[in-house]
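Okay, model15.txt now, which holds compact mmCIF, N, CA and C atoms:
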```txt
# COMPACT_ATOMS: atom_id res chain seq x y z
N MET P 1 -29.36 42.17 14.20
CA MET P 1 -29.72 41.20 15.21
C MET P 1 -31.01 41.69 15.87
N THR P 2 -31.97 40.81 16.07
CA THR P 2 -33.21 41.15 16.72
C THR P 2 -33.30 40.42 18.04
N MET P 3 -33.66 41.18 19.08
CA MET P 3 -33.77 40.59 20.41
C MET P 3 -35.09 41.02 21.02
N ASN P 4 -35.65 40.18 21.88
CA ASN P 4 -36.73 40.59 22.74
C ASN P 4 -36.08 41.10 24.01
N ALA P 5 -36.27 42.35 24.32
CA ALA P 5 -35.67 42.93 25.51
C ALA P 5 -36.77 43.47 26.39
N TYR P 6 -36.63 43.30 27.67
CA TYR P 6 -37.58 43.82 28.62
C TYR P 6 -36.92 45.00 29.31
N SER P 7 -37.53 46.15 29.21
CA SER P 7 -36.95 47.35 29.77
C SER P 7 -37.33 47.47 31.24
N PRO P 8 -36.34 47.71 32.14
CA PRO P 8 -36.67 47.94 33.53
C PRO P 8 -37.60 49.14 33.71
N ALA P 9 -37.60 50.06 32.76
CA ALA P 9 -38.43 51.25 32.86
C ALA P 9 -39.92 50.93 32.80
N ASP P 10 -40.28 49.77 32.21
CA ASP P 10 -41.70 49.46 32.11
C ASP P 10 -42.23 48.80 33.37
N GLY P 11 -41.36 48.66 34.38
CA GLY P 11 -41.79 48.13 35.66
C GLY P 11 -41.75 46.62 35.74
N HIS P 12 -41.44 45.94 34.66
CA HIS P 12 -41.44 44.49 34.67
C HIS P 12 -40.04 43.90 34.68
N GLY P 13 -39.05 44.67 34.35
CA GLY P 13 -37.68 44.18 34.37
C GLY P 13 -37.41 43.16 33.28
N ILE P 14 -36.27 42.53 33.38
CA ILE P 14 -35.80 41.55 32.41
C ILE P 14 -36.28 40.16 32.83
N HIS P 15 -36.62 39.34 31.85
CA HIS P 15 -37.07 37.97 32.11
C HIS P 15 -36.39 37.03 31.12
N ALA P 16 -36.05 35.84 31.60
CA ALA P 16 -35.39 34.84 30.75
C ALA P 16 -35.88 33.45 31.12
N MET P 17 -35.60 32.52 30.21
CA MET P 17 -35.88 31.11 30.43
C MET P 17 -34.58 30.35 30.23
N VAL P 18 -34.52 29.14 30.79
CA VAL P 18 -33.35 28.30 30.56
C VAL P 18 -33.19 28.10 29.06
N GLY P 19 -31.96 28.28 28.57
CA GLY P 19 -31.67 28.16 27.15
C GLY P 19 -31.58 29.49 26.43
N ASP P 20 -32.09 30.56 27.05
CA ASP P 20 -31.98 31.88 26.45
C ASP P 20 -30.54 32.36 26.52
N GLN P 21 -30.23 33.37 25.73
CA GLN P 21 -28.90 33.94 25.69
C GLN P 21 -28.92 35.31 26.36
N ILE P 22 -27.96 35.53 27.26
CA ILE P 22 -27.74 36.84 27.87
C ILE P 22 -26.67 37.53 27.05
N VAL P 23 -26.93 38.77 26.64
CA VAL P 23 -25.95 39.55 25.90
C VAL P 23 -25.68 40.81 26.72
N VAL P 24 -24.39 41.07 26.99
CA VAL P 24 -24.00 42.20 27.81
C VAL P 24 -23.05 43.08 27.01
N GLY P 25 -23.28 44.38 27.04
CA GLY P 25 -22.42 45.32 26.34
C GLY P 25 -21.03 45.35 26.96
N GLY P 26 -20.06 45.84 26.21
CA GLY P 26 -18.69 45.96 26.70
C GLY P 26 -18.60 46.99 27.81
N PRO P 27 -17.60 46.86 28.69
CA PRO P 27 -17.47 47.78 29.82
C PRO P 27 -17.13 49.21 29.41
N THR P 28 -16.46 49.36 28.28
CA THR P 28 -16.13 50.69 27.76
C THR P 28 -16.14 50.62 26.24
N ILE P 29 -16.18 51.77 25.61
CA ILE P 29 -16.16 51.82 24.14
C ILE P 29 -14.89 51.15 23.64
N GLY P 30 -15.03 50.30 22.65
CA GLY P 30 -13.89 49.60 22.09
C GLY P 30 -13.61 48.26 22.75
N LYS P 31 -14.23 47.99 23.88
CA LYS P 31 -14.07 46.70 24.55
C LYS P 31 -15.26 45.82 24.17
N PRO P 32 -14.99 44.57 23.82
CA PRO P 32 -16.10 43.70 23.41
C PRO P 32 -17.02 43.36 24.57
N GLY P 33 -18.27 43.10 24.22
CA GLY P 33 -19.23 42.61 25.20
C GLY P 33 -19.06 41.12 25.35
N ARG P 34 -20.00 40.50 26.02
CA ARG P 34 -19.95 39.05 26.17
C ARG P 34 -21.36 38.49 26.16
N ASP P 35 -21.43 37.19 25.99
CA ASP P 35 -22.73 36.54 26.00
C ASP P 35 -22.59 35.19 26.68
N GLY P 36 -23.71 34.67 27.10
CA GLY P 36 -23.72 33.37 27.75
C GLY P 36 -25.11 32.79 27.74
N GLU P 37 -25.19 31.53 28.07
CA GLU P 37 -26.47 30.80 28.07
C GLU P 37 -27.01 30.71 29.49
N VAL P 38 -28.30 31.02 29.63
CA VAL P 38 -28.97 30.84 30.92
C VAL P 38 -29.14 29.34 31.13
N ILE P 39 -28.50 28.81 32.18
CA ILE P 39 -28.59 27.37 32.43
C ILE P 39 -29.46 27.04 33.64
N ALA P 40 -29.80 28.05 34.46
CA ALA P 40 -30.70 27.81 35.59
C ALA P 40 -31.32 29.12 36.04
N LEU P 41 -32.54 29.02 36.53
CA LEU P 41 -33.27 30.17 37.07
C LEU P 41 -33.29 30.07 38.59
N HIS P 42 -33.35 31.22 39.23
CA HIS P 42 -33.50 31.27 40.68
C HIS P 42 -34.95 31.55 41.07
N HIS P 43 -35.75 32.03 40.09
CA HIS P 43 -37.17 32.35 40.32
C HIS P 43 -38.00 31.77 39.19
N ASP P 44 -39.14 31.19 39.54
CA ASP P 44 -40.02 30.57 38.54
C ASP P 44 -40.56 31.56 37.51
N ASP P 45 -40.62 32.85 37.86
CA ASP P 45 -41.18 33.84 36.91
C ASP P 45 -40.16 34.33 35.90
N GLY P 46 -38.92 33.83 35.94
CA GLY P 46 -37.90 34.21 34.97
C GLY P 46 -37.19 35.51 35.29
N SER P 47 -37.41 36.03 36.50
CA SER P 47 -36.70 37.26 36.89
C SER P 47 -35.31 36.91 37.41
N PRO P 48 -34.40 37.88 37.42
CA PRO P 48 -33.02 37.63 37.86
C PRO P 48 -32.96 37.28 39.35
N PRO P 49 -31.84 36.70 39.75
CA PRO P 49 -30.61 36.42 39.00
C PRO P 49 -30.73 35.11 38.22
N TYR P 50 -29.71 34.86 37.38
CA TYR P 50 -29.63 33.66 36.56
C TYR P 50 -28.27 33.01 36.74
N ASP P 51 -28.23 31.70 36.56
CA ASP P 51 -26.95 31.01 36.41
C ASP P 51 -26.64 31.02 34.93
N VAL P 52 -25.50 31.65 34.57
CA VAL P 52 -25.14 31.83 33.17
C VAL P 52 -23.79 31.18 32.89
N ARG P 53 -23.73 30.39 31.82
CA ARG P 53 -22.46 29.82 31.34
C ARG P 53 -21.98 30.75 30.24
N TRP P 54 -20.85 31.42 30.50
CA TRP P 54 -20.31 32.43 29.58
C TRP P 54 -19.56 31.77 28.44
N SER P 55 -19.81 32.25 27.21
CA SER P 55 -19.20 31.65 26.03
C SER P 55 -17.71 31.92 25.94
N ASP P 56 -17.24 33.03 26.51
CA ASP P 56 -15.83 33.37 26.39
C ASP P 56 -14.93 32.60 27.35
N THR P 57 -15.48 32.14 28.47
CA THR P 57 -14.65 31.43 29.46
C THR P 57 -15.13 30.02 29.76
N GLY P 58 -16.41 29.74 29.47
CA GLY P 58 -16.99 28.45 29.82
C GLY P 58 -17.37 28.35 31.29
N ARG P 59 -17.08 29.40 32.05
CA ARG P 59 -17.41 29.41 33.48
C ARG P 59 -18.88 29.72 33.68
N THR P 60 -19.43 29.24 34.79
CA THR P 60 -20.80 29.53 35.17
C THR P 60 -20.79 30.43 36.39
N THR P 61 -21.56 31.52 36.32
CA THR P 61 -21.66 32.44 37.43
C THR P 61 -23.12 32.78 37.68
N VAL P 62 -23.40 33.29 38.88
CA VAL P 62 -24.70 33.87 39.17
C VAL P 62 -24.65 35.29 38.63
N PHE P 63 -25.62 35.64 37.80
CA PHE P 63 -25.59 36.91 37.09
C PHE P 63 -26.81 37.74 37.43
N PHE P 64 -26.56 38.98 37.84
CA PHE P 64 -27.59 39.98 38.09
C PHE P 64 -27.48 41.01 36.96
N PRO P 65 -28.38 41.01 35.97
CA PRO P 65 -28.23 41.89 34.81
C PRO P 65 -28.33 43.37 35.17
N GLY P 66 -27.49 44.16 34.51
CA GLY P 66 -27.55 45.61 34.61
C GLY P 66 -28.28 46.18 33.41
N LEU P 67 -28.23 47.49 33.28
CA LEU P 67 -28.93 48.16 32.18
C LEU P 67 -28.37 47.82 30.81
N ASP P 68 -27.13 47.33 30.75
CA ASP P 68 -26.51 47.00 29.47
C ASP P 68 -26.76 45.56 29.04
N ALA P 69 -27.57 44.82 29.80
CA ALA P 69 -27.84 43.41 29.50
C ALA P 69 -29.18 43.26 28.79
N HIS P 70 -29.22 42.32 27.86
CA HIS P 70 -30.44 41.99 27.13
C HIS P 70 -30.57 40.48 27.07
N VAL P 71 -31.80 40.02 26.97
CA VAL P 71 -32.06 38.60 26.81
C VAL P 71 -32.42 38.35 25.36
N ARG P 72 -31.77 37.38 24.77
CA ARG P 72 -32.12 36.94 23.42
C ARG P 72 -32.82 35.60 23.60
N HIS P 73 -34.12 35.60 23.39
CA HIS P 73 -34.92 34.39 23.55
C HIS P 73 -34.70 33.49 22.34
N LEU P 74 -34.29 32.26 22.58
CA LEU P 74 -33.95 31.35 21.49
C LEU P 74 -34.84 30.12 21.50
N HIS P 75 -35.08 29.59 20.28
CA HIS P 75 -35.69 28.27 20.14
C HIS P 75 -34.65 27.24 20.54
N ASP P 76 -35.06 26.00 20.65
CA ASP P 76 -34.13 24.92 20.96
C ASP P 76 -33.02 24.80 19.92
N ASP P 77 -33.28 25.25 18.67
CA ASP P 77 -32.26 25.13 17.63
C ASP P 77 -31.36 26.37 17.55
N GLY P 78 -31.52 27.32 18.48
CA GLY P 78 -30.66 28.49 18.52
C GLY P 78 -31.14 29.69 17.73
N THR P 79 -32.33 29.57 17.09
CA THR P 79 -32.87 30.71 16.35
C THR P 79 -33.78 31.52 17.28
N PRO P 80 -33.87 32.84 17.05
CA PRO P 80 -34.70 33.67 17.92
C PRO P 80 -36.16 33.28 17.85
N ARG P 81 -36.84 33.35 18.99
CA ARG P 81 -38.29 33.14 19.04
C ARG P 81 -38.95 34.47 18.76
N ASN P 82 -40.02 34.44 18.04
CA ASN P 82 -40.78 35.66 17.76
C ASN P 82 -42.01 35.71 18.64
N GLU P 83 -41.79 35.79 19.93
CA GLU P 83 -42.88 35.92 20.88
C GLU P 83 -42.88 37.34 21.38
N GLU P 84 -43.97 38.02 21.17
CA GLU P 84 -44.06 39.38 21.66
C GLU P 84 -45.37 39.54 22.39
N GLY P 85 -45.28 39.70 23.71
CA GLY P 85 -46.45 39.89 24.54
C GLY P 85 -46.68 41.37 24.76
N PRO P 86 -47.65 41.71 25.61
CA PRO P 86 -48.00 43.11 25.82
C PRO P 86 -46.88 43.93 26.47
N ASN P 87 -45.97 43.28 27.18
CA ASN P 87 -44.91 44.03 27.85
C ASN P 87 -43.56 43.88 27.17
N ASP P 88 -43.52 43.21 26.03
CA ASP P 88 -42.26 43.01 25.31
C ASP P 88 -41.97 44.23 24.46
N ALA P 89 -40.68 44.54 24.35
CA ALA P 89 -40.24 45.60 23.45
C ALA P 89 -39.25 44.98 22.49
N MET P 90 -39.47 45.17 21.22
CA MET P 90 -38.55 44.63 20.23
C MET P 90 -37.47 45.67 19.99
N ALA P 91 -36.23 45.24 20.08
CA ALA P 91 -35.10 46.13 19.83
C ALA P 91 -34.25 45.51 18.74
N SER P 92 -33.76 46.30 17.84
CA SER P 92 -32.87 45.77 16.82
C SER P 92 -31.54 46.48 16.92
N HIS P 93 -30.49 45.69 16.77
CA HIS P 93 -29.12 46.21 16.83
C HIS P 93 -28.37 45.78 15.61
```

Represent the structure from my file as structure tokens, please.
Amino acid sequence: MTMNAYSPADGHGIHAMVGDQIVVGGPTIGKPGRDGEVIALHHDDGSPPYDVRWSDTGRTTVFFPGLDAHVRHLHDDGTPRNEEGPNDAMASH
């Protein structure tokens, strides 16, 4: 799986757009992670928090991403976008 992830260490933090997918690691080893769709932004620049509709529950929550969260930037058809700017880091899992 290929994701565009923004590392908080680079000083820019994580950024998302409506329609992107949030992927969060499991709380402990052996526990599954979760994912959801960004359905609304609180800031025009795409910085957190986000309103996320979680795929496992269908519930929408305000989400403040932690270090285990990544944004998977998607096209309208659900395929990853290959946009890499000067502050983007490509990570593969």

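Across the structure, CA of Ser47 (chain P) and CA of Pro32 (chain P) are spaced 25.4 Å apart.
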
Have a look at P:Gly58, P:Pro48, P:Gly25, P:Gly30 and name the one nearest to Gly13 (chain P); count only N, CA and C atoms. P:Pro48

Dump as a ChimeraX atom specification all residues having an atom at most 7 Å from (-34.1, 28.8, 27.6), computed in the file's coordinates with all atoms listed in the file. /P:16-21,38,73-74

Separation of CA of Arg72 (chain P) and CA of Asp45 (chain P), in Å? 16.5 Å

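Separating CA of Pro49 (chain P) from atom N of Thr28 (chain P) is a distance of 22.0 Å.
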
Skip Val52 (chain P) itself and residues of its chain fewer than 3 positions away, then list as a ChimeraX atom specification all residues within 5 Å of it, counting all atoms listed in the file. /P:37-39,60-61
